[in-house]
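One structure is given below, encoded as structure tokens.
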2 protein chains.
Amino acid sequence: MSQRLRVRKGETLLRPGDSFRTLFAIRSGFFKQVHSMANGREQVTGFQMAGDTLGLDGIGSGQHSSSVVALEDAEVCAMPFVQMEALAREMPPMQKHIHHLLGREMAHERSVMLLLGSMSAEERVSAFLLNLLQRLQQRGLSASELVLRMSRADIGSYLGLKLETVSRTFSKLAAEGLLEVDKRHVRVVDNEALQRTGRGLAAA
Amino acid sequence: MSQRLRVRKGETLLRPGDSFRTLFAIRSGFFKQVHSMANGREQVTGFQMAGDTLGLDGIGSGQHSSSVVALEDAEVCAMPFVQMEALAREMPPMQKHIHHLLGREMAHERSVMLLLGSMSAEERVSAFLLNLLQRLQQRGLSASELVLRMSRADIGSYLGLKLETVSRTFSKLAAEGLLEVDKRHVRVVDNEALQRTGRGLAAA
DNA sequence: CGCCGCTTTGAGGAGGTTCAAACACAGTGG
DNA sequence: CCACTGTGTTTGAACCTCCTCAAAGCGGCG
């Protein structure tokens with residue numbers, strides 16, 4: 001039922017306007033999701049890694065509304081949505097699964113809304129790191145060390161900050177002894193303090 | 001299958017932690033949806049009116065994550081979700097309908113993310129008004145005049161601004177000749193200019 | 001009338017942005 | 001091998017938007 005697909009770093013898997021036909025389960029790699037506004041401005045709305053699902057936007061309209069770009073070489077599984085719907089009609093667990101996926105997506109968007117609506121730059125960056133670390137830990141990786149796959153500009157766009165502010169905030173958190181930062185390599189030194197700062201963002 | 005329910009102004013229809021069992025279709029009235037963060041801060045995440053659906057959050061976790069409060073006397077239809085799921089298995093149109101509802105909810109949250117992430121106060125307030133007006137128009141009401149059901153504080157919370165900023169922005173838009181504002185009564189004078197300012201937020 | 005909730009307006013201050021310059025690093029071609 | 005270029009990051013200084021604190025106005029209701 002599902003077909004593997006390779007996506008190279010920098011390539012675009014989905015574009016706004018593409019008709020909604022398949023979901024993609026990420027087997028490996030790292031993606032960013034970018035939305036464009038009517039006035040031309042762009043904004044990163046999410047980062048997806050192995051185990052996450054791509055393409056859920058557009059389930060309502062039948063058209064994708066965002067572009068999805070690989071930030072490193074990746075492999076995905078294409079799952080035709082009509083087949084998933086058909087399965088859902090016969091197997092309630094599949095129906096539950098789809099609803100669960102949609103629920104998670106909505107929960108993520110909600111948590112970003114809260115972050116953008118009421119957190120300071122320092123809180124946003126902390127919450128962002130904690131969220132990434134938690135998701136990496138769920139996948140069996142370190143909970144205190146990570147390599148950022150995205151640029152400062154991408155992080156800033158996602159967090160509603162300018163790239164300079166993101167950079168300054170990393171420096172500040174490092175100066176305060178919460179992190180060690182070297183370009184895209186980040187190590188958490190004081191996890192508790194980081195939690196204290198960035199608490200508020202929910203899971204995946 | 002569905003049961004009517006009256007909710008008086010100020011009453012809470014759903015609370016965070018309530019188990020997810022039923023969706024509510026609004027027959028009349030006006031609601032706000034409020035989310036709380038781990039750190040105690042609160043934020044309005046949406047306003048719902050007649051024809052909108054309440055309770056879609058919690059479809060993933062089985063628990064509601066927000067409270068829903070009536071901003072005026074209202075009447076809603078309770079629809080047990082297990083029955084909707086059962087129907088969806090037998091009738092593809094019902095399945096489509098559920099997916100459509102979820103898609104709309106996600107689209108709304110996305111549009112608010114974009115608003116919060118990259119628009120100025122003036123743009124946010126304009127986009128907010130345009131969105132409300134559009135939804136009122138879809139319901140057969142005036143596209144140029146409305147009575148706000150929510151306070152400046154609620155608007156501010158929703159738009160990621162302080163209530164004073166919302167008030168000032170209304171005054172500014174009025175001074176520029178785009179609006180006439182008298183407390184909660186708003187009339188659009190220059191719709192084009194308002195569109196020019198607030199474009200970027202998508203539908204419902 | 002007098003209180004209370006909501007709104008408006010002002011003045012001052014803080015957090016983020018903007019503009020600019022310098023640095024690090026990888027890839028390229030001479 | 002090394003200058004050369006391009007992209008991404010860091011840091012500084014000045015500015016601007018929005019926030020904070022404060023006071024006053026409006027309107028409804030007991």
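We name chains A, B, ... following the order of the structure tokens; residues begin at 1 in each chain, and ligands are numbered from 1 as shown.
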Next item on the list: Fewer than 5 positions away in the same chain doesn't count, so skip those; otherwise give me all residues within 10 Å of range 26-28 of chain C, counting only C-alpha atoms (C1' of nucleotides), as a PyMOL selection string.
Entry: chain D and resi 4-7
Next item on the list: Would you please give, as a ChimeraX atom specification, all residues of chain B that DSSP assigns to strand (DSSP E) based on the backbone?
Entry: /B:3-7,12-14,22-36,42-49,53-54,66-80,145-147,179-182,185-188
Compile a residue-level contact table for chain D against chain B at a cut-off of 9 Å, reporting for every qualifying residue the shortest atom pair and its distance in Å to one decimal, with only C-alpha atoms (C1' of nucleotides) counted, rows ordered by chain and ascending number, as JSON lines.
```
{"residue": "D:DT17", "atom": "C1'", "partner": "B:Ser120", "partner_atom": "CA", "distance": 8.6}
{"residue": "D:DC18", "atom": "C1'", "partner": "B:Thr165", "partner_atom": "CA", "distance": 7.3}
{"residue": "D:DC19", "atom": "C1'", "partner": "B:Lys162", "partner_atom": "CA", "distance": 7.4}
```
Next item on the list: Up to 9 Å from chain C, what residues of chain B turn up? Count only C-alpha atoms (C1' of nucleotides) and give them as a PyMOL selection string.
Entry: chain B and resi 151-152+164+167-168+171+183
Note to self: Need the shell around Ile59 in chain A: protein/DNA/RNA residues with any atom at most 12 Å away, counting only C-alpha atoms (C1' of nucleotides). Skip same-chain ones fewer than 6 positions apart. Format as a PyMOL selection string?
What the structure shows: (chain A and resi 18-23+65+81-82+85+98-99+101-102+105) or (chain B and resi 95-107)
Check: For chain B, which of A:Arg187, A:His35, A:Arg135, A:Arg149 is the closest residue, counting only C-alpha atoms?
Finding: A:His35
Check: as an MDAnalysis selection string, which residues of chain A does DSSP assign to helix (DSSP H, G or I)?
Finding: chainID A and resid 81:90 92:118 121:138 152:159 163:175 191:198
Next item on the list: Measuring atom to atom with only C-alpha atoms, identify which of B:Ser66, B:Thr169, B:Ser126, B:Gln137 is nearest to chain A.
Entry: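 Of all the options, B:Ser66 lies closest to chain A.
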Notebook entry, point to check: Between CA of Thr12 in chain B and CA of Leu56 in chain B, what is the distance, to one decimal in Å?
Noted result: 15.9 Å
Notebook entry, point to check: Do you know which residues are at most 10 Å from Leu13 in chain A counting only C-alpha atoms (C1' of nucleotides), after dropping those on the same chain fewer than 6 positions away, and could you put them as a list of chain:residue names?
Noted result: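 So, after excluding close chain neighbours, the residues are A:Leu5, A:Arg6, A:Val7, A:Phe24, A:Phe31, A:Gln33, A:Leu54, A:Gly55, A:Ser67, A:Val68, A:Val69, A:Ala70, A:Val76.
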